[in-house]
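Please read the structure below before turning to the comments.
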Amino acid sequence: MATTSSSRTTVEIASQPTCWRQAAESLAQHSAALPRRGERVAVVGCGTSWFMAQSYAVLRESGGHGVTDAFAASEFPQGRGGYDRILAISRSGTTTEVLDLLDRAREAGVATAAITADPATPIMTAADAVAVLDFADEESVVQTRFATTVLALLRAHLEAEGALPAGVRTVIRAADDAQRAVEAPLAAELIGAEQFTFLGTGWSYGLALEAGLKMREAAGAWTEAYPAMEYRHGPISITGPGRAAWMFGALPAGLAEDIARVGGTLVADSQDAPEQLDPLADLVRAQRLAVALAEAAGLDPDRPRNLTRSVVLENTGA
């Protein structure tokens, strides 16, 4: 089912292949802010940025680049030492929890870095080094291209430092996949589904979490997200006719049969397909679906209910 939309979010979603290529091409100018091979790193963010941090942490550590942990900025374990660098991801550069954490890290003598979209914000002086991806900034409250461009930059850096984990495509190939995801029609059964469960393994689990968040933010949709192998340990009970289970990356053996048994709709590349979509490119399809569902419900995907571009707290109690 083809969909058309005049929303700003739709324009920003469609620009992602170009943004990812630009991130890869601009890697050298951002290198000072990016973790070095062998460093012990904590990556922090809020909301979408936290989910990108989770995906990157798995990619970096599984690729042999060093211990890498991901935390919501508000949940960073203050008593834990031993990190060589704290890397913060913040589109706005104004998020209170991120700025507070960077201040505390500086007081403790820990090196800090940040990736942001806006060079005219407090994060520029709160971190020791900053990568500015202003070409991927957004007008929409809902994050799409900035978050995925951050992950594209980090993937390109991992590749430049050594090797990506087995089976992970280069950013340029992922961008080609993203173009396919922008252009492919959305299935009618997805537009009509009443519930979505997003699944992933390894680094793609962070993408599953982000897909669920995007659908809730833009469309108020009923979504859940789980590691694929954990899905069968209870969460599959929510799946049934008129409900979808969406797998990012390779489908675990037997899962397709389990979803068919309960009557759910499976969204996944066939295991024997000649070209599976890169999981980050598959997230583009979920973003497009979120916009389509929002507009079908009469909602404005650019300005979701109860959300603002950045969460700035007057007093955090710190």
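Identifiers for the structure tokens are assigned positionally: chains receive A, B, ... in sequence, residues are indexed from 1 per chain, and ligands are indexed from 1 in the order shown.
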Show which residues sit within 7 Å of range 116-130 of chain A, as a ChimeraX atom specification. Count only C-alpha atoms, and ignore same-chain residues fewer than 2 positions away. /A:32-33,89-94,99,102-103,111-114,132-134,136-137
Written file, previous selection with N, CA and C atoms, as a PDB file, in the first residue's frame:
```pdb
ATOM      1  N   ALA A  32      37.530  13.454  16.944  1.00  0.00           N
ATOM      2  CA  ALA A  32      37.973  13.800  18.297  1.00  0.00           C
ATOM      3  C   ALA A  32      36.942  13.439  19.355  1.00  0.00           C
ATOM      4  N   ALA A  33      35.668  13.416  18.975  1.00  0.00           N
ATOM      5  CA  ALA A  33      34.606  13.134  19.938  1.00  0.00           C
ATOM      6  C   ALA A  33      34.274  11.652  20.056  1.00  0.00           C
ATOM      7  N   ILE A  89      24.661  11.462  23.780  1.00  0.00           N
ATOM      8  CA  ILE A  89      23.939  11.737  22.531  1.00  0.00           C
ATOM      9  C   ILE A  89      22.743  12.612  22.880  1.00  0.00           C
ATOM     10  N   SER A  90      22.650  13.784  22.266  1.00  0.00           N
ATOM     11  CA  SER A  90      21.550  14.697  22.545  1.00  0.00           C
ATOM     12  C   SER A  90      21.284  15.559  21.317  1.00  0.00           C
ATOM     13  N   ARG A  91      20.145  15.358  20.691  1.00  0.00           N
ATOM     14  CA  ARG A  91      19.813  16.153  19.505  1.00  0.00           C
ATOM     15  C   ARG A  91      19.765  17.639  19.841  1.00  0.00           C
ATOM     16  N   SER A  92      19.080  17.992  20.905  1.00  0.00           N
ATOM     17  CA  SER A  92      18.869  19.399  21.237  1.00  0.00           C
ATOM     18  C   SER A  92      20.072  20.050  21.893  1.00  0.00           C
ATOM     19  N   GLY A  93      20.877  19.241  22.604  1.00  0.00           N
ATOM     20  CA  GLY A  93      21.987  19.801  23.361  1.00  0.00           C
ATOM     21  C   GLY A  93      21.563  20.530  24.612  1.00  0.00           C
ATOM     22  N   THR A  94      20.298  20.371  25.012  1.00  0.00           N
ATOM     23  CA  THR A  94      19.770  21.093  26.178  1.00  0.00           C
ATOM     24  C   THR A  94      19.152  20.181  27.229  1.00  0.00           C
ATOM     25  N   LEU A  99      23.116  17.085  30.537  1.00  0.00           N
ATOM     26  CA  LEU A  99      24.022  18.158  30.950  1.00  0.00           C
ATOM     27  C   LEU A  99      24.486  17.961  32.391  1.00  0.00           C
ATOM     28  N   LEU A 102      27.173  15.219  32.403  1.00  0.00           N
ATOM     29  CA  LEU A 102      28.445  15.704  31.869  1.00  0.00           C
ATOM     30  C   LEU A 102      29.169  16.594  32.886  1.00  0.00           C
ATOM     31  N   ASP A 103      28.421  17.407  33.602  1.00  0.00           N
ATOM     32  CA  ASP A 103      29.030  18.251  34.641  1.00  0.00           C
ATOM     33  C   ASP A 103      29.658  17.395  35.733  1.00  0.00           C
ATOM     34  N   ALA A 111      36.928  11.923  30.992  1.00  0.00           N
ATOM     35  CA  ALA A 111      36.812  12.542  29.679  1.00  0.00           C
ATOM     36  C   ALA A 111      35.381  12.413  29.163  1.00  0.00           C
ATOM     37  N   THR A 112      34.885  13.469  28.536  1.00  0.00           N
ATOM     38  CA  THR A 112      33.513  13.466  28.035  1.00  0.00           C
ATOM     39  C   THR A 112      33.479  13.893  26.575  1.00  0.00           C
ATOM     40  N   ALA A 113      32.469  13.420  25.887  1.00  0.00           N
ATOM     41  CA  ALA A 113      32.247  13.793  24.494  1.00  0.00           C
ATOM     42  C   ALA A 113      30.744  13.775  24.244  1.00  0.00           C
ATOM     43  N   ALA A 114      30.325  14.407  23.173  1.00  0.00           N
ATOM     44  CA  ALA A 114      28.903  14.468  22.865  1.00  0.00           C
ATOM     45  C   ALA A 114      28.695  14.504  21.362  1.00  0.00           C
ATOM     46  N   VAL A 132      29.127  17.720  15.813  1.00  0.00           N
ATOM     47  CA  VAL A 132      27.891  18.405  15.462  1.00  0.00           C
ATOM     48  C   VAL A 132      27.390  17.885  14.119  1.00  0.00           C
ATOM     49  N   LEU A 133      26.215  17.268  14.150  1.00  0.00           N
ATOM     50  CA  LEU A 133      25.584  16.763  12.925  1.00  0.00           C
ATOM     51  C   LEU A 133      24.422  17.678  12.571  1.00  0.00           C
ATOM     52  N   ASP A 134      24.728  18.950  12.324  1.00  0.00           N
ATOM     53  CA  ASP A 134      23.667  19.910  12.055  1.00  0.00           C
ATOM     54  C   ASP A 134      22.938  19.624  10.758  1.00  0.00           C
ATOM     55  N   ALA A 136      21.769  16.914   9.968  1.00  0.00           N
ATOM     56  CA  ALA A 136      20.728  15.929  10.269  1.00  0.00           C
ATOM     57  C   ALA A 136      19.730  16.448  11.299  1.00  0.00           C
ATOM     58  N   ASP A 137      19.789  17.742  11.622  1.00  0.00           N
ATOM     59  CA  ASP A 137      18.832  18.300  12.576  1.00  0.00           C
ATOM     60  C   ASP A 137      17.417  18.201  12.001  1.00  0.00           C
TER      61      ASP A 137
END
```
Find the residues near Ala244 in chain A: any atom within 10 Å, counting only C-alpha atoms, skip ones fewer than 3 places away on the same chain, and give them as a list in words. Glu189, Leu190, Gly192, Ala193, Glu194, Gln195, Phe196, Thr197, Phe198, Thr223, Ile238, Thr239, Gly240, Pro241, Met247, Ile259, Gly263, Gly264, Thr265, Leu266 and Val267 of chain A
Once DSSP has gone over the backbone, tell me which residues of range 104-270 of chain A are in helix (DSSP H, G or I), as a PyMOL selection string. chain A and resi 104-107+123-126+134-136+145-161+171-183+188-191+204-219+228-231+235-238+255-261
Write down as an MDAnalysis selection string the residues belonging to range 143-285 of chain A that are assigned strand (DSSP E or B) by DSSP computed on the backbone. chainID A and resid 195:200 223:227 243:248 265:267
Same residues, C-alpha atoms, output as a compact mmCIF listing (two decimals), in the first residue's frame:
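Wrote again-v1.txt, looks like this:
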```txt
# COMPACT_ATOMS: atom_id res chain seq x y z
CA GLN A 195 -1.03 -3.88 17.91
CA PHE A 196 2.67 -4.22 17.11
CA THR A 197 5.46 -6.12 18.84
CA PHE A 198 8.99 -5.25 17.70
CA LEU A 199 11.78 -7.79 18.10
CA GLY A 200 15.55 -7.76 17.77
CA THR A 223 3.38 -1.30 20.80
CA GLU A 224 5.80 -3.47 22.75
CA ALA A 225 9.41 -4.51 22.17
CA TYR A 226 11.43 -7.53 23.30
CA PRO A 227 14.59 -9.49 22.56
CA ARG A 243 -1.69 -7.97 15.39
CA ALA A 244 1.85 -7.86 14.03
CA ALA A 245 5.27 -9.05 15.17
CA TRP A 246 8.11 -7.20 13.43
CA MET A 247 11.62 -8.68 13.46
CA PHE A 248 14.71 -6.52 12.93
CA THR A 265 1.20 -11.18 11.06
CA LEU A 266 4.98 -11.54 10.76
CA VAL A 267 7.04 -8.66 9.36
```
I want to know what sits within 7 Å of Ala294 in chain A, based on only C-alpha atoms, with residues of the same chain fewer than 5 positions away left out; could you give that as a list of chain:residue names?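 Within the cut-off, the hits are A:Ala218, A:Ala219, A:Leu299, A:Asp300, A:Pro301.
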